[in-house]
$ cat protein-v1.txt   # compact mmCIF, C-alpha atoms
# COMPACT_ATOMS: atom_id res chain seq x y z
CA GLN I 1 -7.44 15.17 -11.16
CA LEU I 2 -9.90 12.41 -11.89
CA ILE I 3 -12.27 11.02 -9.28
CA ILE I 4 -13.56 7.60 -10.29
CA VAL I 5 -16.43 5.63 -8.79
CA PRO I 6 -16.17 2.34 -10.71
CA ASN I 7 -19.00 -0.04 -11.47
CA ASN I 8 -18.89 -3.84 -11.49
CA SER I 9 -15.68 -5.22 -13.04
CA LEU I 10 -14.16 -1.74 -13.43
CA HIS I 11 -13.38 -2.00 -9.70
CA LEU I 12 -10.66 -4.48 -10.67
CA PHE I 13 -9.16 -2.45 -13.51
CA PRO I 14 -6.29 0.09 -13.19
CA ILE I 15 -7.98 2.90 -15.07
CA HIS I 16 -5.04 5.24 -14.34
CA ALA I 17 -2.85 3.01 -16.55
CA VAL I 18 -5.07 3.22 -19.66
CA PRO I 19 -3.05 4.19 -22.78
CA LEU I 20 -4.18 7.49 -24.29
CA ASN I 21 -1.87 7.22 -27.31
CA PRO I 22 1.32 5.32 -28.22
CA THR I 23 3.43 7.45 -25.84
CA GLN I 24 1.08 8.47 -23.00
CA ARG I 25 -1.05 6.85 -20.33
CA LEU I 26 -3.79 8.48 -18.28
CA ILE I 27 -1.42 8.82 -15.32
CA ASP I 28 0.82 11.10 -17.40
CA ARG I 29 -1.95 13.72 -17.43
CA PHE I 30 -4.03 13.11 -14.31
CA SER I 31 -3.78 12.02 -10.73
CA VAL I 32 -6.55 9.52 -10.01
CA ARG I 33 -8.42 8.64 -6.83
CA TYR I 34 -11.08 5.95 -6.49
CA PHE I 35 -14.17 5.60 -4.31
CA PRO I 36 -16.46 2.59 -3.76
CA ASN I 37 -19.48 4.91 -3.75
CA LEU I 38 -20.44 8.58 -3.44
CA GLN I 39 -21.50 8.27 0.18
CA ILE I 40 -17.98 7.31 1.28
CA TRP I 41 -16.60 10.13 -0.90
CA LYS I 42 -18.63 12.67 1.09
CA ILE I 43 -17.65 11.12 4.42
CA CYS I 44 -13.92 11.17 3.59
CA GLN I 45 -14.05 14.79 2.44
CA ASN I 46 -15.20 15.88 5.89
CA ARG I 47 -12.38 14.17 7.77
CA GLN I 48 -9.69 16.59 8.92
CA ARG I 49 -6.54 14.77 10.00
CA SER I 50 -2.89 15.32 10.92
CA ARG I 51 -0.04 13.17 9.60
CA ASP I 52 2.44 13.10 12.49
CA SER I 53 2.38 9.64 14.11
CA PHE I 54 3.18 6.39 12.28
CA LEU I 55 2.59 2.73 13.06
CA GLY I 56 4.22 0.14 10.81
CA ILE I 57 3.38 -3.57 10.81
CA GLU I 58 6.40 -5.30 9.28
CA ASN I 59 6.29 -8.91 8.08
CA PRO I 60 4.22 -10.25 10.99
CA THR I 61 4.46 -13.84 9.66
CA GLU I 62 8.27 -13.59 9.68
CA ASP I 63 8.43 -14.84 6.10
CA LYS I 64 12.11 -15.08 5.15
CA ASP I 65 11.25 -14.28 1.52
CA LEU I 66 9.93 -10.83 2.46
CA ILE I 67 13.37 -9.21 2.73
CA PHE I 68 12.13 -6.14 0.90
CA ALA I 69 9.43 -5.59 3.54
CA LYS I 70 12.16 -4.74 6.06
CA ALA I 71 13.96 -2.52 3.54
CA GLU I 72 10.67 -0.83 2.65
CA MET I 73 9.84 -0.04 6.28
CA ALA I 74 13.36 1.21 6.97
CA SER I 75 13.25 3.56 3.99
CA ILE I 76 9.83 4.93 4.96
CA CYS I 77 10.80 5.66 8.57
CA GLN I 78 14.16 7.13 7.63
CA GLY I 79 14.28 10.91 7.66
CA ARG I 80 10.50 11.40 7.50
CA ASN I 81 8.51 13.98 9.42
CA PHE I 82 6.88 11.39 11.68
CA THR I 83 7.31 11.91 15.41
CA LYS I 84 8.91 8.71 16.72
CA PRO I 85 7.61 6.22 14.13
CA GLU I 86 6.79 2.87 15.72
CA VAL I 87 7.28 -0.46 13.94
CA TRP I 88 5.96 -3.82 15.14
CA THR I 89 7.55 -6.93 13.68
CA GLY I 90 6.81 -10.63 13.89
CA ARG I 91 4.92 -11.63 17.03
CA GLN I 92 4.73 -8.05 18.25
CA ALA I 93 1.95 -7.54 15.70
CA ARG I 94 -0.92 -9.41 17.31
CA LYS I 95 -4.50 -8.77 16.24
CA SER I 96 -5.73 -7.70 19.68
CA LYS I 97 -2.83 -5.26 20.03
CA ILE I 98 -3.49 -3.72 16.60
CA LEU I 99 -7.22 -3.38 17.22
CA GLU I 100 -6.52 -1.68 20.53
CA SER I 101 -3.66 0.64 19.55
CA ALA I 102 -4.07 1.53 15.86
CA LYS I 103 -6.62 4.18 16.83
CA ASN I 104 -3.80 6.27 18.31
CA TYR I 105 -1.92 6.80 15.03
CA HIS I 106 -2.32 9.05 12.00
CA CYS I 107 -0.61 6.67 9.56
CA PHE I 108 -0.93 2.88 9.52
CA HIS I 109 1.38 0.91 7.21
CA PHE I 110 1.08 -2.86 6.76
CA SER I 111 3.80 -4.77 4.91
CA GLY I 112 3.15 -8.49 4.64
CA HIS I 113 0.72 -11.01 3.15
CA ALA I 114 -2.98 -10.56 2.44
CA GLU I 115 -5.66 -12.48 0.61
CA TYR I 116 -9.07 -11.69 -0.82
CA ASN I 117 -11.81 -14.30 -0.43
CA PHE I 118 -14.26 -14.12 -3.34
CA LYS I 119 -16.52 -16.80 -1.85
CA ASN I 120 -16.92 -14.88 1.40
CA PRO I 121 -15.47 -11.34 1.21
CA LEU I 122 -15.84 -10.86 4.98
CA ASP I 123 -13.17 -13.56 5.44
CA SER I 124 -10.62 -11.60 3.39
CA TYR I 125 -7.66 -10.80 5.60
CA LEU I 126 -4.30 -9.30 6.45
CA MET I 127 -2.17 -12.24 7.57
CA LEU I 128 -0.63 -11.84 11.03
CA SER I 129 0.51 -15.42 11.68
CA GLU I 130 1.35 -18.50 9.62
CA ASP I 131 -1.38 -20.60 11.25
CA HIS I 132 -3.99 -17.97 10.24
CA LYS I 133 -5.31 -17.80 13.82
CA GLU I 134 -4.35 -14.12 13.97
CA ASN I 135 -5.84 -13.06 10.62
CA LEU I 136 -7.15 -9.49 10.68
CA THR I 137 -10.28 -10.10 8.61
CA LEU I 138 -12.61 -7.70 6.87
CA SER I 139 -15.22 -8.74 9.41
CA ASN I 140 -12.84 -7.55 12.18
CA LEU I 141 -12.38 -4.23 10.41
CA PHE I 142 -16.12 -3.65 10.29
CA ALA I 143 -16.86 -4.75 13.85
CA ASP I 144 -13.77 -4.04 15.95
CA LEU I 145 -11.43 -1.48 14.34
CA HIS I 146 -11.74 2.25 15.05
CA LEU I 147 -9.42 4.77 13.41
CA PRO I 148 -10.73 8.20 14.45
CA ASP I 149 -7.40 9.94 13.69
CA ALA I 150 -6.13 7.97 10.69
CA ASP I 151 -5.15 10.15 7.74
CA LEU I 152 -3.57 7.32 5.73
CA VAL I 153 -3.60 3.53 5.67
CA THR I 154 -1.06 1.92 3.34
CA LEU I 155 -1.45 -1.78 2.61
CA SER I 156 1.76 -3.09 1.09
CA ALA I 157 0.47 -6.57 0.30
CA CYS I 158 -1.24 -8.48 -2.48
CA CYS I 159 -4.85 -7.86 -3.52
CA THR I 160 -5.74 -5.44 -0.70
CA GLY I 161 -7.71 -3.23 -3.11
CA VAL I 162 -9.74 -6.06 -4.64
CA VAL I 163 -13.53 -6.15 -4.22
CA ASP I 164 -16.17 -8.67 -5.24
CA ALA I 165 -17.19 -6.67 -8.28
CA PHE I 166 -19.57 -9.25 -9.71
CA GLN I 167 -22.25 -9.18 -7.04
CA PRO I 168 -25.64 -7.71 -8.12
CA THR I 169 -25.27 -4.90 -5.57
CA ASP I 170 -23.47 -1.59 -5.22
CA GLU I 171 -22.04 -2.67 -1.85
CA CYS I 172 -18.62 -3.83 -3.03
CA LEU I 173 -16.85 -5.37 -0.05
CA GLY I 174 -13.09 -5.01 0.18
CA ILE I 175 -10.31 -4.55 2.74
CA ALA I 176 -9.71 -0.93 1.69
CA THR I 177 -13.40 -0.13 2.18
CA GLY I 178 -13.21 -1.73 5.62
CA PHE I 179 -10.45 0.67 6.67
CA LEU I 180 -12.38 3.65 5.30
CA LEU I 181 -15.49 2.67 7.24
CA ALA I 182 -13.30 2.21 10.34
CA GLY I 183 -12.41 5.89 10.08
CA ALA I 184 -9.42 6.25 7.73
CA LYS I 185 -9.40 9.22 5.39
CA ALA I 186 -7.56 7.37 2.60
CA VAL I 187 -6.21 3.91 1.83
CA VAL I 188 -3.45 2.92 -0.57
CA SER I 189 -4.03 -0.68 -1.68
CA SER I 190 -3.28 -3.11 -4.51
CA LEU I 191 -5.37 -4.71 -7.25
CA TRP I 192 -3.27 -7.86 -7.78
CA LYS I 193 -0.30 -9.89 -6.55
CA VAL I 194 2.50 -7.33 -6.45
CA ASN I 195 6.26 -7.58 -6.96
CA SER I 196 8.04 -7.00 -3.63
CA ILE I 197 11.06 -5.17 -5.06
CA ALA I 198 9.01 -2.77 -7.17
CA THR I 199 6.63 -2.19 -4.25
CA ALA I 200 9.47 -1.22 -1.90
CA PHE I 201 10.74 1.40 -4.35
CA LEU I 202 7.26 2.66 -5.16
CA LEU I 203 6.17 3.19 -1.57
CA ASP I 204 9.52 4.69 -0.61
CA GLU I 205 9.00 7.31 -3.32
CA PHE I 206 5.33 7.73 -2.38
CA TYR I 207 6.24 8.77 1.18
CA ARG I 208 8.96 11.07 -0.15
CA GLN I 209 6.36 12.76 -2.36
CA LEU I 210 3.99 13.11 0.61
CA GLU I 211 6.56 15.40 2.19
CA GLN I 212 6.10 17.75 -0.77
CA THR I 213 2.31 17.60 -1.15
CA SER I 214 -0.65 16.86 1.11
CA ASP I 215 -2.53 15.27 -1.81
CA LYS I 216 -2.12 11.49 -1.69
CA ALA I 217 -3.35 10.93 -5.26
CA ILE I 218 -0.74 13.35 -6.60
CA ALA I 219 1.95 11.74 -4.44
CA LEU I 220 1.08 8.28 -5.78
CA GLN I 221 0.89 9.57 -9.37
CA LYS I 222 4.39 11.07 -9.09
CA ALA I 223 5.74 7.92 -7.41
CA GLN I 224 4.33 5.65 -10.11
CA ASN I 225 5.64 7.85 -12.91
CA TRP I 226 9.00 7.92 -11.16
CA LEU I 227 9.20 4.13 -10.84
CA ARG I 228 8.18 3.36 -14.41
CA THR I 229 10.97 5.56 -15.81
CA ARG I 230 13.89 4.69 -13.49
CA THR I 231 16.92 2.81 -14.78
CA ALA I 232 18.44 -0.06 -12.86
CA ASP I 233 21.40 2.10 -11.84
CA GLU I 234 19.10 4.83 -10.54
CA LEU I 235 17.22 2.28 -8.45
CA ARG I 236 20.43 0.86 -7.02
CA ASN I 237 21.53 4.38 -6.10
CA ARG I 238 18.22 4.93 -4.32
CA ALA I 239 18.65 1.69 -2.37
CA ASN I 240 22.05 2.93 -1.21
CA ASP I 241 20.20 5.66 0.70
CA TRP I 242 18.22 3.15 2.75
CA ASP I 243 19.18 2.36 6.32
CA LEU I 244 19.62 -1.41 6.15
CA SER I 245 21.34 -1.77 9.51
CA LYS I 246 18.48 -3.91 10.82
CA LEU I 247 18.93 -6.51 8.11
CA GLU I 248 20.77 -9.68 9.00
CA PRO I 249 23.84 -10.51 6.84
CA LYS I 250 21.91 -13.16 4.87
CA GLU I 251 19.03 -10.76 4.26
CA LYS I 252 21.38 -8.01 3.12
CA PHE I 253 23.17 -10.42 0.76
CA ARG I 254 19.86 -11.50 -0.83
CA LEU I 255 18.74 -7.90 -1.15
CA GLU I 256 21.97 -6.86 -2.86
CA ARG I 257 21.80 -9.89 -5.16
CA ALA I 258 18.25 -8.98 -6.21
CA LEU I 259 19.30 -5.39 -6.91
CA LYS I 260 22.23 -6.54 -9.05
CA ARG I 261 19.83 -8.46 -11.29
CA LEU I 262 17.93 -5.33 -12.29
CA GLN I 263 18.54 -4.27 -15.89
CA GLY I 264 17.47 -1.38 -18.11
CA ILE I 265 14.22 0.36 -17.14
CA SER I 266 13.26 -2.47 -14.86
CA PHE I 267 9.70 -1.56 -13.87
CA GLU I 268 8.24 0.11 -16.95
CA ASN I 269 5.54 -2.54 -17.39
CA PRO I 270 2.24 -1.59 -15.64
CA TYR I 271 2.32 -4.88 -13.74
CA PHE I 272 5.04 -3.42 -11.51
CA TRP I 273 3.49 -0.02 -10.69
CA ALA I 274 -0.20 0.16 -11.67
CA ALA I 275 -1.57 -2.19 -9.00
CA PHE I 276 -1.63 0.49 -6.31
CA ILE I 277 -4.54 2.93 -6.05
CA VAL I 278 -5.68 5.63 -3.64
CA THR I 279 -9.17 5.15 -2.27
CA GLY I 280 -10.32 8.17 -0.30
CA VAL I 281 -9.09 11.73 0.09

$ encode --input "protein-v1.txt" --output "C-alpha cells"
Amino acid sequence: QLIIVPNNSLHLFPIHAVPLNPTQRLIDRFSVRYFPNLQIWKICQNRQRSRDSFLGIENPTEDKDLIFAKAEMASICQGRNFTKPEVWTGRQARKSKILESAKNYHCFHFSGHAEYNFKNPLDSYLMLSEDHKENLTLSNLFADLHLPDADLVTLSACCTGVVDAFQPTDECLGIATGFLLAGAKAVVSSLWKVNSIATAFLLDEFYRQLEQTSDKAIALQKAQNWLRTRTADELRNRANDWDLSKLEPKEKFRLERALKRLQGISFENPYFWAAFIVTGV
C-alpha cells in the first residue's frame, strides 16, 4: 500500500494512475490512499466503525439525464450486507433532513451533481435542488454536519475530491475533507467531471469488493483494475444483474441504448476510472 499526503498541485493529480512502464501503472502494484495532512491521518486511524447501515441520496435534483444514478443506487443496495438500506430521492433529500439524520448511518452515498468553487472553497457544494437553495455546502459540513458513526462516505459526483491546491497554506479545503472533519473515517471522491456510465460500474464493483475486504483502498484498487480491463460484453452482462425495476420505461430504454453503444474495452482510458480516490482509512 501507498499512503500519500500530496502537496500543492499534486492534490489534483491521480498519482495511482502514473505509468511505471509501457504495460503497468502504479495501481497494478499498489493500493493507494490519500490524506490532506498527517493530523487527519492520525484522527482517522483511531476511528473504529461498523458498516451495517446505509443511507443513499439519489439524484436529488431529479435530473432526467442521471439515469445511471438510479441504476447505480439499485446495484449497490441489491444483495449487500446492509441492514435495510435507505434511499432518499428527489425532494426527500432536503438539507435539513440530511444534516439531522445522516449521523445515524455507517455509510453515506451521494449520487448527483456537485461543484467546487475555487474563488471561495467554502461555497463548494453537493447540489440538492435545481434552484441551489438547498445546496449542502462545505461551510455546512464544517458547521452543521456530525457523523460520529460514519465508516464510509461515497460521493458519486463531479469534482468532490478537488481542493484549492494553489493557496500558500497547508489547509487545503475540499468537500472530502469536510466529511472527514465531520467524523467520517473515509471518503471516496472524484478529481474531475466523471462519466456517469463508468462511475455506475466502478462503484457497483467497489461495493462488491468491500464485501470481500475491509480495506477501502484495496477495494477501490480492485474495482478500478476491474473496470479498466472489462469488455463491453462483460459490462452488459454485469448490468443484467442489476435490479432496474424502479426505472421508468423511458429511463430503462435510454439505459439499454447507452449500454448497446459500448464497444471493445470501453473504459481503459484513465479518464473513466482514475478520478476516484480514497481519502481516509

$ atom_distance --input "protein-v1.txt" --atom1 "CA of Ile265 in chain I" --atom2 "CA of Ser245 in chain I"
27.7 Å

$ closest_atom_pairs --input "protein-v1.txt" --of "range 77-120 of chain I" --to "range 208-232 of chain I" --cutoff "10 Å" --atoms "all atoms listed in the file" --output "tab-separated table"
residue	atom	partner	partner_atom	distance
I:Gly79	CA	I:Arg208	CA	9.5
I:Arg80	CA	I:Glu211	CA	7.7
I:Asn81	CA	I:Glu211	CA	7.6

$ residues_around --input "protein-v1.txt" --residues "Ala150 in chain I" --least-positions-apart "2" --cutoff "6 Å" --atoms "all atoms listed in the file" --output "VMD selection string"
chain I and resid 106 to 107 147 to 148 152 184

$ closest_residue --input "protein-v1.txt" --among "I:Asn59, I:Asn117, I:Gln78, I:Asn135" --to "Ser96 in chain I" --atoms "only C-alpha atoms"
I:Asn135

$ residues_around --input "protein-v1.txt" --residues "Thr279 in chain I" --least-positions-apart "5" --cutoff "8 Å" --atoms "all atoms listed in the file" --output "ChimeraX atom specification"
/I:33-36,176,186-189

$ residues_near_point --input "protein-v1.txt" --point "(-8.8, -1.2, -2.9)" --cutoff "8 Å" --atoms "all atoms listed in the file" --output "ChimeraX atom specification"
/I:159-163,174-177,187-191,277-279

$ closest_residue --input "protein-v1.txt" --among "I:Gln48, I:Thr83, I:Asn237, I:Thr199" --to "Phe272 in chain I" --atoms "all atoms listed in the file"
I:Thr199

$ closest_residue --input "protein-v1.txt" --among "I:Val5, I:Leu255, I:Leu155, I:Leu262" --to "Trp41 in chain I" --atoms "all atoms listed in the file"
I:Val5

$ closest_residue --input "protein-v1.txt" --among "I:Glu251, I:Asp164, I:Asp28, I:Glu58" --to "Thr89 in chain I" --atoms "only C-alpha atoms"
I:Glu58

$ residues_around --input "protein-v1.txt" --residues "Lys246 in chain I" --least-positions-apart "5" --cutoff "10 Å" --atoms "all atoms listed in the file" --output "PyMOL selection string"
chain I and resi 70-71+74+251-252

$ build_atoms --input "protein-v1.txt" --residues "range 241-257 of chain I" --atoms "N, CA, C and O atoms" --output "tab-separated table (two decimals), in the coordinates of the input"
chain	number	residue	atom	x	y	z
I	241	ASP	N	20.61	4.68	-0.30
I	241	ASP	CA	20.20	5.66	0.70
I	241	ASP	C	19.46	5.03	1.87
I	241	ASP	O	19.24	5.69	2.90
I	242	TRP	N	19.03	3.79	1.72
I	242	TRP	CA	18.22	3.15	2.75
I	242	TRP	C	19.08	2.73	3.93
I	242	TRP	O	20.22	2.31	3.78
I	243	ASP	N	18.52	2.83	5.10
I	243	ASP	CA	19.18	2.36	6.32
I	243	ASP	C	18.87	0.87	6.47
I	243	ASP	O	17.78	0.49	6.90
I	244	LEU	N	19.83	0.03	6.12
I	244	LEU	CA	19.62	-1.41	6.15
I	244	LEU	C	20.34	-2.06	7.33
I	244	LEU	O	20.64	-3.25	7.31
I	245	SER	N	20.59	-1.27	8.35
I	245	SER	CA	21.34	-1.77	9.51
I	245	SER	C	20.59	-2.87	10.26
I	245	SER	O	21.20	-3.68	10.95
I	246	LYS	N	19.27	-2.90	10.12
I	246	LYS	CA	18.48	-3.91	10.82
I	246	LYS	C	18.45	-5.25	10.09
I	246	LYS	O	17.99	-6.24	10.65
I	247	LEU	N	18.92	-5.26	8.86
I	247	LEU	CA	18.93	-6.51	8.11
I	247	LEU	C	20.05	-7.42	8.59
I	247	LEU	O	21.16	-6.97	8.87
I	248	GLU	N	19.75	-8.70	8.69
I	248	GLU	CA	20.77	-9.68	9.00
I	248	GLU	C	21.67	-9.86	7.78
I	248	GLU	O	21.27	-9.56	6.65
I	249	PRO	N	22.91	-10.35	7.96
I	249	PRO	CA	23.84	-10.51	6.84
I	249	PRO	C	23.25	-11.29	5.67
I	249	PRO	O	23.43	-10.92	4.50
I	250	LYS	N	22.51	-12.38	5.95
I	250	LYS	CA	21.91	-13.16	4.87
I	250	LYS	C	20.85	-12.36	4.12
I	250	LYS	O	20.74	-12.43	2.90
I	251	GLU	N	20.07	-11.58	4.88
I	251	GLU	CA	19.03	-10.76	4.26
I	251	GLU	C	19.66	-9.68	3.38
I	251	GLU	O	19.19	-9.42	2.26
I	252	LYS	N	20.71	-9.07	3.89
I	252	LYS	CA	21.38	-8.01	3.12
I	252	LYS	C	22.00	-8.58	1.85
I	252	LYS	O	21.95	-7.95	0.79
I	253	PHE	N	22.57	-9.77	1.94
I	253	PHE	CA	23.17	-10.42	0.76
I	253	PHE	C	22.09	-10.68	-0.30
I	253	PHE	O	22.30	-10.42	-1.49
I	254	ARG	N	20.94	-11.20	0.12
I	254	ARG	CA	19.86	-11.50	-0.83
I	254	ARG	C	19.30	-10.23	-1.45
I	254	ARG	O	18.96	-10.19	-2.63
I	255	LEU	N	19.22	-9.19	-0.64
I	255	LEU	CA	18.74	-7.90	-1.15
I	255	LEU	C	19.70	-7.37	-2.22
I	255	LEU	O	19.27	-6.96	-3.30
I	256	GLU	N	20.98	-7.38	-1.91
I	256	GLU	CA	21.97	-6.86	-2.86
I	256	GLU	C	22.00	-7.71	-4.13
I	256	GLU	O	22.17	-7.18	-5.24
I	257	ARG	N	21.83	-9.01	-3.99
I	257	ARG	CA	21.80	-9.89	-5.16
I	257	ARG	C	20.60	-9.57	-6.06
I	257	ARG	O	20.72	-9.55	-7.29
